[in-house]
$ cat start-v3.cif   # mmCIF, C-alpha atoms
data_entry
loop_
_atom_site.label_atom_id
_atom_site.label_comp_id
_atom_site.auth_asym_id
_atom_site.auth_seq_id
_atom_site.Cartn_x
_atom_site.Cartn_y
_atom_site.Cartn_z
CA MET U 1176 -8.71 0.49 -43.56
CA SER U 1177 -10.47 -2.89 -43.60
CA ASP U 1178 -11.97 -3.98 -40.30
CA LYS U 1179 -11.23 -7.58 -41.23
CA ALA U 1180 -8.02 -9.63 -41.23
CA ILE U 1181 -7.74 -12.32 -43.91
CA LEU U 1182 -6.08 -15.71 -43.34
CA GLU U 1183 -5.52 -17.95 -46.34
CA TYR U 1184 -4.46 -21.56 -45.87
CA GLY U 1185 -4.96 -24.77 -47.83
CA GLY U 1186 -6.94 -23.00 -50.52
CA GLU U 1187 -9.40 -21.65 -47.97
CA ARG U 1188 -9.96 -18.02 -46.98
CA TYR U 1189 -10.98 -16.99 -43.49
CA GLU U 1190 -11.96 -13.58 -42.13
CA PHE U 1191 -11.47 -12.34 -38.57
CA PRO U 1192 -12.60 -9.02 -37.11
CA VAL U 1193 -10.06 -6.36 -36.13
CA ILE U 1194 -10.63 -4.63 -32.79
CA LYS U 1195 -9.42 -1.08 -32.19
CA GLY U 1196 -8.66 0.20 -28.69
CA THR U 1197 -9.15 3.75 -27.44
CA GLU U 1198 -5.44 4.46 -27.98
CA ASP U 1199 -5.66 3.11 -31.56
CA GLU U 1200 -4.11 -0.25 -30.71
CA LEU U 1201 -5.22 -2.91 -33.20
CA ALA U 1202 -5.89 -6.57 -32.45
CA ILE U 1203 -7.13 -9.47 -34.53
CA ASP U 1204 -10.02 -11.22 -32.81
CA ILE U 1205 -9.32 -14.93 -33.24
CA LYS U 1206 -11.92 -16.35 -30.84
CA THR U 1207 -13.34 -18.46 -33.69
CA LEU U 1208 -9.96 -19.48 -35.17
CA ARG U 1209 -9.90 -23.09 -33.98
CA ALA U 1210 -13.60 -23.67 -34.63
CA SER U 1211 -13.41 -22.36 -38.19
CA THR U 1212 -9.93 -23.56 -39.23
CA GLY U 1213 -8.95 -26.36 -36.84
CA MET U 1214 -5.76 -24.42 -36.05
CA VAL U 1215 -4.41 -22.58 -33.02
CA THR U 1216 -1.69 -19.94 -32.72
CA ILE U 1217 1.74 -20.42 -31.14
CA ASP U 1218 3.11 -17.43 -29.24
CA PRO U 1219 5.66 -18.38 -26.52
CA GLY U 1220 5.60 -15.83 -23.75
CA TYR U 1221 2.37 -14.35 -25.22
CA LYS U 1222 4.36 -11.40 -26.59
CA ASN U 1223 1.90 -10.93 -29.44
CA THR U 1224 -1.26 -12.17 -27.75
CA GLY U 1225 -3.83 -10.01 -26.03
CA SER U 1226 -5.49 -12.03 -23.26
CA CYS U 1227 -8.19 -9.49 -22.47
CA GLU U 1228 -9.63 -6.05 -23.05
CA SER U 1229 -8.87 -3.77 -20.09
CA ALA U 1230 -9.66 -0.18 -19.12
CA ILE U 1231 -7.08 0.06 -16.32
CA THR U 1232 -3.57 0.77 -17.64
CA PHE U 1233 -2.20 1.99 -20.96
CA LEU U 1234 1.44 1.31 -21.75
CA ASN U 1235 3.34 2.33 -24.89
CA GLY U 1236 6.87 0.98 -24.63
CA GLU U 1237 8.11 2.57 -27.83
CA GLN U 1238 7.18 6.09 -26.70
CA GLY U 1239 7.78 5.57 -22.98
CA ILE U 1240 4.16 6.22 -21.95
CA LEU U 1241 2.46 4.83 -18.83
CA ARG U 1242 -1.03 5.91 -17.76
CA TYR U 1243 -3.42 4.68 -15.07
CA ARG U 1244 -7.07 5.12 -16.09
CA GLY U 1245 -5.96 7.83 -18.53
CA TYR U 1246 -3.82 9.80 -16.06
CA SER U 1247 -0.11 10.06 -16.83
CA ILE U 1248 2.26 8.44 -14.36
CA GLU U 1249 4.13 11.74 -14.17
CA ASP U 1250 1.03 13.64 -12.95
CA LEU U 1251 0.02 10.95 -10.49
CA ALA U 1252 3.49 10.65 -8.96
CA GLU U 1253 3.71 14.41 -8.52
CA LYS U 1254 0.16 15.30 -7.47
CA ALA U 1255 -1.47 12.24 -5.88
CA ASP U 1256 -0.66 9.93 -3.01
CA PHE U 1257 -0.64 6.13 -3.10
CA LEU U 1258 -4.09 5.69 -1.56
CA GLU U 1259 -5.64 8.03 -4.15
CA VAL U 1260 -3.95 6.04 -6.91
CA ALA U 1261 -5.16 2.77 -5.41
CA TYR U 1262 -8.74 4.08 -5.41
CA LEU U 1263 -8.33 5.28 -9.00
CA LEU U 1264 -7.02 1.95 -10.26
CA ILE U 1265 -9.65 -0.13 -8.49
CA PHE U 1266 -12.76 2.01 -8.98
CA GLY U 1267 -11.92 3.93 -12.15
CA GLU U 1268 -11.98 7.54 -10.94
CA LEU U 1269 -9.93 9.70 -8.59
CA PRO U 1270 -11.77 10.00 -5.26
CA ASN U 1271 -13.15 13.26 -3.96
CA LYS U 1272 -12.26 14.32 -0.41
CA GLU U 1273 -15.21 12.52 1.20
CA GLN U 1274 -14.65 9.29 -0.77
CA LEU U 1275 -10.96 9.24 0.10
CA GLU U 1276 -11.60 9.88 3.77
CA LYS U 1277 -14.20 7.09 3.92
CA PHE U 1278 -11.86 4.75 2.03
CA HIS U 1279 -9.03 5.41 4.47
CA ASN U 1280 -11.28 5.11 7.53
CA ASP U 1281 -12.73 1.84 6.28
CA ILE U 1282 -9.22 0.50 5.74
CA LYS U 1283 -8.19 1.50 9.25
CA GLU U 1284 -11.23 -0.34 10.66
CA GLU U 1285 -9.99 -3.56 9.03
CA SER U 1286 -6.29 -3.18 9.88
CA GLN U 1287 -6.23 -5.75 12.69
CA VAL U 1288 -4.86 -9.17 11.75
CA ASP U 1289 -6.04 -12.21 13.70
CA GLU U 1290 -3.55 -13.03 16.47
CA GLU U 1291 -3.42 -16.64 15.28
CA MET U 1292 -1.63 -15.40 12.16
CA LYS U 1293 1.38 -14.86 14.40
CA LYS U 1294 1.51 -18.62 14.99
CA ILE U 1295 1.83 -19.16 11.24
CA LEU U 1296 4.56 -16.52 11.05
CA ASP U 1297 6.38 -18.13 13.98
CA GLY U 1298 6.52 -21.38 12.02
CA PHE U 1299 8.92 -19.87 9.48
CA PRO U 1300 12.65 -19.85 10.19
CA LYS U 1301 14.49 -16.54 9.89
CA SER U 1302 16.22 -17.97 6.81
CA ALA U 1303 12.89 -18.13 4.89
CA HIS U 1304 12.71 -15.74 1.95
CA PRO U 1305 10.25 -12.93 2.74
CA MET U 1306 8.37 -13.49 -0.54
CA GLY U 1307 7.63 -17.08 0.44
CA VAL U 1308 6.47 -15.88 3.85
CA LEU U 1309 4.26 -13.14 2.36
CA SER U 1310 2.68 -15.48 -0.18
CA SER U 1311 1.88 -17.99 2.56
CA LEU U 1312 0.45 -15.38 4.93
CA THR U 1313 -1.71 -13.91 2.17
CA SER U 1314 -3.03 -17.35 1.32
CA ALA U 1315 -3.63 -18.01 5.03
CA LEU U 1316 -5.94 -14.99 5.17
CA VAL U 1317 -8.44 -17.17 3.30
CA ALA U 1318 -8.74 -19.38 6.39
CA PHE U 1319 -9.76 -16.37 8.48
CA ASN U 1320 -12.07 -15.05 5.74
CA PRO U 1321 -13.44 -18.30 4.25
CA SER U 1322 -16.56 -16.98 2.53
CA CYS U 1323 -16.27 -16.30 -1.19
CA VAL U 1324 -16.73 -12.75 -2.42
CA ASP U 1325 -20.13 -12.18 -3.96
CA VAL U 1326 -18.98 -10.28 -7.05
CA ALA U 1327 -22.57 -9.35 -7.83
CA SER U 1328 -22.69 -7.36 -4.59
CA GLU U 1329 -20.97 -3.99 -4.75
CA SER U 1330 -20.74 -3.79 -0.96
CA ALA U 1331 -19.28 -7.29 -0.62
CA MET U 1332 -16.69 -6.52 -3.27
CA TYR U 1333 -15.83 -3.22 -1.58
CA ASN U 1334 -15.48 -4.83 1.85
CA SER U 1335 -13.16 -7.52 0.52
CA ILE U 1336 -10.99 -4.91 -1.21
CA VAL U 1337 -10.79 -2.74 1.91
CA ARG U 1338 -9.92 -5.79 4.01
CA ILE U 1339 -6.89 -6.80 1.94
CA LEU U 1340 -5.67 -3.20 1.57
CA ALA U 1341 -5.79 -2.96 5.37
CA LYS U 1342 -4.16 -6.27 6.27
CA PHE U 1343 -1.54 -6.63 3.53
CA PRO U 1344 0.72 -3.81 4.84
CA VAL U 1345 0.63 -5.46 8.27
CA LEU U 1346 1.79 -8.73 6.74
CA VAL U 1347 4.55 -6.90 4.85
CA ALA U 1348 5.76 -5.19 8.03
CA TRP U 1349 5.56 -8.41 10.04
CA THR U 1350 7.57 -10.22 7.36
CA MET U 1351 10.39 -7.68 7.61
CA ARG U 1352 10.32 -7.46 11.40
CA LYS U 1353 10.47 -11.25 11.62
CA LYS U 1354 13.55 -11.19 9.38
CA LYS U 1355 15.20 -8.55 11.57
CA GLY U 1356 14.17 -10.09 14.90
CA LEU U 1357 11.95 -7.16 15.91
CA PRO U 1358 8.63 -7.36 17.78
CA LEU U 1359 5.54 -7.17 15.60
CA ASP U 1360 3.76 -3.84 15.28
CA TYR U 1361 0.22 -2.85 14.27
CA GLY U 1362 1.07 0.73 13.44
CA ASP U 1363 -0.92 3.85 14.24
CA ASP U 1364 -4.40 4.75 12.94
CA THR U 1365 -3.66 8.46 13.30
CA LEU U 1366 -1.13 8.30 10.45
CA GLY U 1367 -1.59 8.35 6.69
CA TYR U 1368 -1.59 5.03 4.81
CA VAL U 1369 2.04 5.10 3.64
CA GLU U 1370 3.33 6.82 6.76
CA ASN U 1371 1.74 4.06 8.84
CA ILE U 1372 3.46 1.45 6.68
CA HIS U 1373 6.78 3.18 7.31
CA LYS U 1374 6.16 3.19 11.06
CA MET U 1375 5.10 -0.47 11.18
CA MET U 1376 8.29 -1.44 9.37
CA PHE U 1377 10.84 0.74 11.16
CA LYS U 1378 9.67 1.67 14.67
CA ARG U 1379 12.10 0.42 17.31
CA PRO U 1380 10.55 -0.89 20.55
CA ASN U 1381 12.79 1.32 22.72
CA GLN U 1382 12.60 4.48 20.61
CA GLU U 1383 9.99 7.05 19.72
CA TYR U 1384 8.97 6.93 16.07
CA LYS U 1385 10.18 9.97 14.15
CA ARG U 1386 8.62 10.91 10.84
CA ASP U 1387 11.08 11.11 7.97
CA ARG U 1388 9.24 13.09 5.30
CA ILE U 1389 11.84 12.48 2.58
CA ALA U 1390 11.80 8.73 3.18
CA ILE U 1391 7.99 8.58 3.30
CA ASP U 1392 7.63 10.66 0.12
CA ALA U 1393 10.13 8.44 -1.70
CA LEU U 1394 8.29 5.32 -0.52
CA ASP U 1395 4.96 6.83 -1.61
CA LYS U 1396 6.29 7.52 -5.11
CA LEU U 1397 7.79 4.04 -5.43
CA LEU U 1398 4.49 2.43 -4.50
CA ILE U 1399 2.66 4.59 -7.06
CA LEU U 1400 5.15 3.73 -9.80
CA HIS U 1401 4.75 0.01 -9.13
CA ALA U 1402 0.95 0.07 -8.71
CA ASP U 1403 0.13 -1.46 -12.10
CA HIS U 1404 1.88 -2.28 -15.36
CA GLU U 1405 -0.66 -3.80 -17.72
CA GLN U 1406 -0.68 -7.58 -18.41
CA ASN U 1407 2.68 -8.60 -16.97
CA CYS U 1408 3.49 -12.05 -15.56
CA SER U 1409 2.08 -11.58 -12.05
CA THR U 1410 -0.98 -9.61 -13.19
CA SER U 1411 -1.80 -12.23 -15.81
CA THR U 1412 -1.41 -14.84 -13.08
CA VAL U 1413 -3.89 -13.04 -10.82
CA ARG U 1414 -6.39 -12.81 -13.69
CA ILE U 1415 -6.02 -16.42 -14.83
CA VAL U 1416 -6.25 -17.80 -11.28
CA GLY U 1417 -9.24 -15.56 -10.64
CA SER U 1418 -10.85 -16.75 -13.86
CA SER U 1419 -11.44 -20.11 -12.17
CA HIS U 1420 -13.49 -18.10 -9.63
CA ALA U 1421 -10.77 -18.50 -7.01
CA GLY U 1422 -11.16 -15.82 -4.34
CA LEU U 1423 -9.34 -12.52 -4.22
CA PHE U 1424 -6.85 -13.51 -1.49
CA ALA U 1425 -5.95 -16.81 -3.20
CA SER U 1426 -5.50 -15.04 -6.53
CA LEU U 1427 -3.26 -12.41 -4.93
CA SER U 1428 -1.15 -15.11 -3.30
CA ALA U 1429 -0.57 -16.64 -6.74
CA GLY U 1430 0.42 -13.22 -8.07
CA ILE U 1431 2.97 -12.82 -5.28
CA SER U 1432 4.56 -16.14 -6.24
CA ALA U 1433 4.75 -15.05 -9.88
CA LEU U 1434 6.30 -11.73 -8.87
CA TRP U 1435 9.01 -13.53 -6.89
CA GLY U 1436 11.01 -14.51 -9.99
CA PRO U 1437 14.24 -12.59 -10.76
CA LEU U 1438 13.01 -11.79 -14.27
CA HIS U 1439 9.98 -9.99 -12.81
CA GLY U 1440 9.68 -8.47 -9.34
CA GLY U 1441 12.98 -9.91 -8.17
CA ALA U 1442 14.88 -7.66 -10.56
CA ASN U 1443 15.57 -4.95 -7.97
CA GLN U 1444 16.99 -7.55 -5.60
CA ALA U 1445 19.16 -8.82 -8.45
CA VAL U 1446 20.47 -5.25 -8.94
CA LEU U 1447 21.71 -5.05 -5.35
CA GLU U 1448 23.22 -8.53 -5.51
CA MET U 1449 25.09 -7.46 -8.65
CA LEU U 1450 26.35 -4.30 -6.92
CA GLU U 1451 27.53 -6.35 -3.95
CA ALA U 1452 29.38 -8.70 -6.29
CA ILE U 1453 31.07 -5.74 -8.00
CA GLU U 1454 32.12 -4.37 -4.61
CA ALA U 1455 33.52 -7.76 -3.59
CA ASP U 1456 35.61 -7.73 -6.78
CA GLY U 1457 37.14 -4.34 -6.03
CA GLY U 1458 34.37 -1.96 -7.10
CA ASP U 1459 35.78 -1.17 -10.57
CA THR U 1460 32.69 0.05 -12.47
CA LYS U 1461 34.57 0.59 -15.74
CA LYS U 1462 35.66 -3.06 -15.70
CA TYR U 1463 32.05 -4.20 -15.38
CA MET U 1464 30.77 -1.81 -18.01
CA ALA U 1465 33.32 -3.35 -20.38
CA LYS U 1466 32.16 -6.85 -19.39
CA ALA U 1467 28.56 -5.85 -20.09
CA LYS U 1468 29.51 -4.77 -23.62
CA ASP U 1469 31.47 -7.99 -24.31
CA LYS U 1470 29.15 -10.43 -26.10
CA ASN U 1471 31.34 -13.34 -25.03
CA ASP U 1472 31.17 -12.44 -21.36
CA PRO U 1473 28.31 -14.06 -19.38
CA PHE U 1474 28.04 -11.02 -17.08
CA ARG U 1475 24.69 -9.24 -17.34
CA LEU U 1476 24.19 -5.67 -16.18
CA MET U 1477 21.03 -5.75 -14.06
CA GLY U 1478 18.70 -2.75 -13.86
CA PHE U 1479 19.41 -1.34 -17.34
CA GLY U 1480 17.02 -1.46 -20.27
CA HIS U 1481 13.52 -2.95 -20.12
CA ARG U 1482 11.66 -5.67 -21.97
CA VAL U 1483 8.68 -3.40 -22.65
CA TYR U 1484 10.19 0.10 -22.82
CA LYS U 1485 12.27 0.59 -25.94
CA ASN U 1486 13.00 4.13 -24.78
CA PHE U 1487 13.61 5.50 -21.29
CA ASP U 1488 11.45 3.92 -18.59
CA PRO U 1489 9.12 6.83 -17.62
CA ARG U 1490 9.06 5.57 -14.04
CA ALA U 1491 12.85 5.78 -13.86
CA ARG U 1492 12.80 9.47 -14.78
CA ILE U 1493 10.51 10.15 -11.82
CA ILE U 1494 12.23 7.99 -9.23
CA LYS U 1495 15.75 9.13 -10.17
CA LYS U 1496 14.92 12.49 -8.60
CA SER U 1497 13.74 10.80 -5.41
CA ALA U 1498 16.88 8.66 -5.32
CA ASP U 1499 19.04 11.79 -5.57
CA GLU U 1500 17.02 13.46 -2.78
CA VAL U 1501 17.20 10.43 -0.47
CA LEU U 1502 20.93 9.96 -0.93
CA GLY U 1503 21.61 13.69 -0.66
CA ASN U 1504 19.50 14.36 2.42
CA LEU U 1505 20.26 11.23 4.40
CA GLY U 1506 23.99 11.70 3.90
CA ILE U 1507 24.57 7.96 3.69
CA GLU U 1508 28.10 6.71 3.13
CA ASP U 1509 27.78 3.33 1.46
CA PRO U 1510 30.24 1.88 -1.09
CA ILE U 1511 27.41 -0.11 -2.71
CA LEU U 1512 25.46 3.08 -3.41
CA ASP U 1513 28.63 4.76 -4.69
CA ILE U 1514 29.07 1.92 -7.17
CA ALA U 1515 25.44 2.31 -8.27
CA LYS U 1516 25.89 6.03 -8.91
CA GLY U 1517 29.07 5.28 -10.84
CA LEU U 1518 27.33 2.76 -13.08
CA GLU U 1519 24.46 5.18 -13.64
CA LYS U 1520 26.80 7.99 -14.69
CA GLU U 1521 28.77 5.82 -17.09
CA ALA U 1522 25.67 4.26 -18.66
CA LEU U 1523 24.07 7.65 -19.29
CA GLU U 1524 27.26 8.88 -21.00
CA ASP U 1525 28.49 5.71 -22.74
CA LYS U 1526 27.68 5.68 -26.48
CA TYR U 1527 27.16 1.90 -26.46
CA PHE U 1528 24.39 2.15 -23.86
CA VAL U 1529 22.89 5.40 -25.16
CA ASP U 1530 22.65 4.09 -28.74
CA ARG U 1531 20.90 0.94 -27.51
CA LYS U 1532 18.70 2.90 -25.08
CA LEU U 1533 19.97 0.81 -22.19
CA TYR U 1534 19.10 3.38 -19.57
CA PRO U 1535 18.72 2.69 -15.84
CA ASN U 1536 15.20 1.41 -15.22
CA VAL U 1537 12.88 1.65 -12.22
CA ASP U 1538 14.36 -1.51 -10.66
CA PHE U 1539 17.80 0.09 -10.60
CA TYR U 1540 16.63 3.19 -8.74
CA SER U 1541 14.17 1.41 -6.47
CA GLY U 1542 16.93 -0.89 -5.25
CA ILE U 1543 19.10 2.13 -4.45
CA ILE U 1544 16.30 3.83 -2.50
CA TYR U 1545 15.27 0.73 -0.57
CA ARG U 1546 18.85 0.12 0.51
CA ALA U 1547 19.24 3.76 1.55
CA LEU U 1548 16.05 3.50 3.62
CA GLY U 1549 17.40 0.48 5.47
CA ILE U 1550 15.19 -2.15 3.87
CA PRO U 1551 16.95 -5.55 3.61
CA THR U 1552 17.72 -6.75 0.08
CA GLU U 1553 15.47 -9.81 0.47
CA MET U 1554 12.55 -7.45 1.17
CA PHE U 1555 12.82 -5.51 -2.09
CA THR U 1556 10.39 -7.77 -3.98
CA VAL U 1557 7.99 -7.65 -1.02
CA MET U 1558 7.93 -3.87 -1.38
CA PHE U 1559 7.19 -4.33 -5.07
CA ALA U 1560 4.24 -6.56 -4.13
CA LEU U 1561 2.98 -3.91 -1.70
CA GLY U 1562 2.97 -1.35 -4.51
CA ARG U 1563 1.40 -3.72 -7.04
CA LEU U 1564 -1.43 -4.73 -4.68
CA PRO U 1565 -4.03 -2.17 -5.96
CA GLY U 1566 -3.24 -3.06 -9.56
CA TRP U 1567 -3.77 -6.76 -8.91
CA ILE U 1568 -7.03 -5.99 -7.10
CA ALA U 1569 -8.21 -3.78 -9.98
CA GLN U 1570 -7.37 -6.43 -12.57
CA TRP U 1571 -9.08 -9.20 -10.56
CA ARG U 1572 -12.17 -7.04 -10.05
CA GLU U 1573 -12.34 -6.08 -13.74
CA MET U 1574 -11.96 -9.69 -14.84
CA ARG U 1575 -14.76 -10.90 -12.55
CA LEU U 1576 -17.13 -8.03 -13.41
CA ARG U 1577 -16.57 -8.65 -17.13
CA LYS U 1578 -17.38 -12.35 -16.53
CA GLU U 1579 -14.33 -13.44 -18.47
CA PRO U 1580 -14.12 -17.19 -19.23
CA ILE U 1581 -11.68 -19.44 -17.42
CA GLY U 1582 -8.18 -19.18 -18.84
CA ARG U 1583 -7.26 -22.26 -20.82
CA PRO U 1584 -4.39 -21.85 -23.33
CA ARG U 1585 -3.96 -24.37 -26.14
CA GLN U 1586 -0.76 -26.08 -27.24
CA VAL U 1587 0.83 -27.84 -30.21
CA TYR U 1588 1.76 -31.36 -29.15
CA ILE U 1589 5.29 -32.44 -30.18
CA GLY U 1590 5.58 -35.71 -28.25
CA GLU U 1591 5.47 -39.36 -29.32
CA ASN U 1592 2.68 -40.72 -31.52
CA HIS U 1593 0.51 -43.58 -30.30
CA ARG U 1594 2.57 -46.45 -28.90
CA ASP U 1595 1.57 -49.95 -27.84
CA PHE U 1596 2.11 -50.72 -24.18
CA VAL U 1597 5.02 -53.07 -23.44
CA SER U 1598 4.75 -55.17 -20.30
CA LEU U 1599 7.39 -54.82 -17.59
CA GLU U 1600 8.88 -58.28 -18.37
CA LYS U 1601 9.60 -57.32 -22.00
CA ARG U 1602 11.15 -53.85 -21.45
#
$ encode --input "start-v3.cif" --output "structure tokens"
Amino acid sequence: MSDKAILEYGGERYEFPVIKGTEDELAIDIKTLRASTGMVTIDPGYKNTGSCESAITFLNGEQGILRYRGYSIEDLAEKADFLEVAYLLIFGELPNKEQLEKFHNDIKEESQVDEEMKKILDGFPKSAHPMGVLSSLTSALVAFNPSCVDVASESAMYNSIVRILAKFPVLVAWTMRKKKGLPLDYGDDTLGYVENIHKMMFKRPNQEYKRDRIAIDALDKLLILHADHEQNCSTSTVRIVGSSHAGLFASLSAGISALWGPLHGGANQAVLEMLEAIEADGGDTKKYMAKAKDKNDPFRLMGFGHRVYKNFDPRARIIKKSADEVLGNLGIEDPILDIAKGLEKEALEDKYFVDRKLYPNVDFYSGIIYRALGIPTEMFTVMFALGRLPGWIAQWREMRLRKEPIGRPRQVYIGENHRDFVSLEKR
């Protein structure tokens, strides 16, 4: 195979190198395209454009493969916990016992959030969407940590990473407790990372906190499954904002805003809103499956199929089991969850959906679990952000250490040609 790609245009012939990744992915290196040809490429949505080389996550949508740093998502979800996975994504290797213990202890040391942050939180009405609140609070952390991260210093980089991993769960819990009118909680340093998150979110002021192992395990798996997903919208946002040498917290805040959209992190919220609409219309799942198959019907079945995975979403296979365990063990009676299970059953058996590989995806099952755990619908995307945090950090760190240039896409102008200015009196 030639290691060159040939472009012929206007009687001229141009050669561009072909790059091969470790999983045999091929890419045409067009860094010199504009300089040598005067042309740029057009690729709306960047579906065919690689913005970087990365060693963090491998995704093969056709075969349903997802790996973090070479480890399959199936192995990590079964054998590791979220903090181990966070360490792996950020630093490249699974931690040994001593490294993990130090990592966790360092995080606990940084888990206090400045009391003045509560004043910022108090400024939001209860009607504010939690994603807007979380993005603002994350950005506000810059004011309490104004110095820029010295990326040339390993210790400075580590301290900044530990600081955001410690404080972000507090902000997530505060955002939910504000929404529910509960007093703010700092959690408990004697608990594990995810267990502490669960306590900060759910502890009632007049009740003793009781550990719910099934709920905590399900939450741990969901966070692992959402921890990174290659160069998606929010991750690309974190990298491109960071490429201007914006700090870690500011870059993360931008990523949260990108994740907010219903076509990205808001998809699991959209699933529950769809289920609520079906319930309000009588709960007839067969009727809505028929509407989904009708090309002339504007109804869209949320939580089925995936833009990247052309087969079954590997994350959905894992979390389906947790969803079944949570619903089975908690014994919840909820018509919304009954409708979800009905849609799942019909989609997995319906030839139309099976032939098109429109299987339930991770957003479908995560929405079911979050509702079963008592997390408000508006908080679903916040939980996604909590899971994606280590992936964003890893991507930001990689981009800065690789000294990638500032992101600056080109365009093809399609506006008016030069026009003479007409004075106001003559218009």
$ residues_around --input "start-v3.cif" --residues "segment 1398-1401 of chain U" --least-positions-apart "6" --cutoff "8 Å" --atoms "all atoms listed in the file" --output "PyMOL selection string"
chain U and resi 1248+1251-1252+1256-1257+1260+1490+1558-1559+1561-1563
$ closest_residue --input "start-v3.cif" --among "U:Asn1504, U:Asp1538, U:Met1214, U:Leu1346" --to "Leu1296 of chain U" --atoms "all atoms listed in the file"
U:Leu1346
$ resolve_selection --input "start-v3.cif" --expression "the PyMOL selection byres ((chain U and resi 1289) around 12)" --output "PyMOL selection string"
chain U and resi 1285-1288+1290-1296+1312+1315-1320+1342+1345-1346+1361
$ write_last_selection --input "start-v3.cif" --atoms "C-alpha atoms" --output "CSV table (one decimal), in the frame of the given file"
chain,number,residue,atom,x,y,z
U,1285,GLU,CA,-10.0,-3.6,9.0
U,1286,SER,CA,-6.3,-3.2,9.9
U,1287,GLN,CA,-6.2,-5.8,12.7
U,1288,VAL,CA,-4.9,-9.2,11.8
U,1290,GLU,CA,-3.6,-13.0,16.5
U,1291,GLU,CA,-3.4,-16.6,15.3
U,1292,MET,CA,-1.6,-15.4,12.2
U,1293,LYS,CA,1.4,-14.9,14.4
U,1294,LYS,CA,1.5,-18.6,15.0
U,1295,ILE,CA,1.8,-19.2,11.2
U,1296,LEU,CA,4.6,-16.5,11.0
U,1312,LEU,CA,0.4,-15.4,4.9
U,1315,ALA,CA,-3.6,-18.0,5.0
U,1316,LEU,CA,-5.9,-15.0,5.2
U,1317,VAL,CA,-8.4,-17.2,3.3
U,1318,ALA,CA,-8.7,-19.4,6.4
U,1319,PHE,CA,-9.8,-16.4,8.5
U,1320,ASN,CA,-12.1,-15.0,5.7
U,1342,LYS,CA,-4.2,-6.3,6.3
U,1345,VAL,CA,0.6,-5.5,8.3
U,1346,LEU,CA,1.8,-8.7,6.7
U,1361,TYR,CA,0.2,-2.8,14.3
$ residues_around --input "start-v3.cif" --residues "Ile1391 of chain U" --least-positions-apart "2" --cutoff "12 Å" --atoms "only C-alpha atoms" --output "PyMOL selection string"
chain U and resi 1256-1257+1366-1374+1376-1377+1385-1389+1393-1398+1497+1500-1501+1544-1545+1548
$ residues_near_point --input "start-v3.cif" --point "(-8.9, -20.0, -19.6)" --cutoff "12 Å" --atoms "all atoms listed in the file" --output "list of chain:residue names"
U:Ser1226, U:Cys1227, U:Ser1411, U:Thr1412, U:Arg1414, U:Ile1415, U:Val1416, U:Gly1417, U:Ser1418, U:Ser1419, U:His1420, U:Met1574, U:Lys1578, U:Glu1579, U:Pro1580, U:Ile1581, U:Gly1582, U:Arg1583, U:Pro1584, U:Arg1585
$ residues_around --input "start-v3.cif" --residues "Gly1245 of chain U" --least-positions-apart "5" --cutoff "9 Å" --atoms "all atoms listed in the file" --output "MDAnalysis selection string"
chainID U and resid 1230:1233
$ closest_residue --input "start-v3.cif" --among "U:Ser1428, U:Ser1328, U:Asn1235, U:Gln1382" --to "Tyr1484 of chain U" --atoms "all atoms listed in the file"
U:Asn1235
$ resolve_selection --input "start-v3.cif" --expression "the PyMOL selection byres ((chain U and resi 1572) around 12)" --output "PyMOL selection string"
chain U and resi 1229-1231+1264-1267+1324-1329+1331-1333+1335-1336+1410+1413-1414+1417-1418+1420-1424+1426-1427+1565-1571+1573-1579
$ residues_around --input "start-v3.cif" --residues "segment 1269-1280 of chain U" --least-positions-apart "6" --cutoff "10 Å" --atoms "only C-alpha atoms" --output "list of chain:residue names"
U:Arg1244, U:Tyr1246, U:Ala1255, U:Leu1258, U:Glu1259, U:Val1260, U:Ala1261, U:Tyr1262, U:Leu1263, U:Ser1286, U:Tyr1333, U:Val1337, U:Leu1340, U:Ala1341, U:Asp1364, U:Gly1367, U:Tyr1368
$ resolve_selection --input "start-v3.cif" --expression "the PyMOL selection byres ((chain U and resi 1499) around 12)" --output "VMD selection string"
chain U and resid 1389 to 1390 1393 1491 to 1498 1500 to 1507 1512 to 1513 1515 to 1516 1519 1540 to 1541 1543 to 1544 1547
$ residues_around --input "start-v3.cif" --residues "segment 1188-1195 of chain U" --least-positions-apart "5" --cutoff "12 Å" --atoms "all atoms listed in the file" --output "PyMOL selection string"
chain U and resi 1176-1183+1200-1214+1225+1227-1228
$ closest_atom_pairs --input "start-v3.cif" --of "segment 1465-1530 of chain U" --to "segment 1445-1455 of chain U" --cutoff "10 Å" --atoms "all atoms listed in the file" --output "CSV"
residue,atom,partner,partner_atom,distance
U:Phe1474,CA,U:Met1449,CA,9.6
U:Arg1475,CA,U:Met1449,CA,8.9
U:Leu1476,CA,U:Met1449,CA,7.8
U:Met1477,CA,U:Val1446,CA,5.2
U:Gly1478,CA,U:Val1446,CA,5.8
U:Phe1479,CA,U:Val1446,CA,9.3
U:Pro1510,CA,U:Glu1454,CA,7.4
U:Ile1511,CA,U:Leu1450,CA,6.0
U:Leu1512,CA,U:Leu1450,CA,8.2
U:Asp1513,CA,U:Leu1450,CA,9.6
U:Ile1514,CA,U:Leu1450,CA,6.8
U:Ala1515,CA,U:Leu1450,CA,6.8
U:Leu1518,CA,U:Leu1450,CA,9.4
$ closest_residue --input "start-v3.cif" --among "U:Ser1598, U:Asn1486, U:Ser1322, U:Gln1586" --to "Asp1218 of chain U" --atoms "all atoms listed in the file"
U:Gln1586
$ atom_distance --input "start-v3.cif" --atom1 "atom CA of Leu1564 of chain U" --atom2 "atom CA of Pro1300 of chain U"
25.5 Å
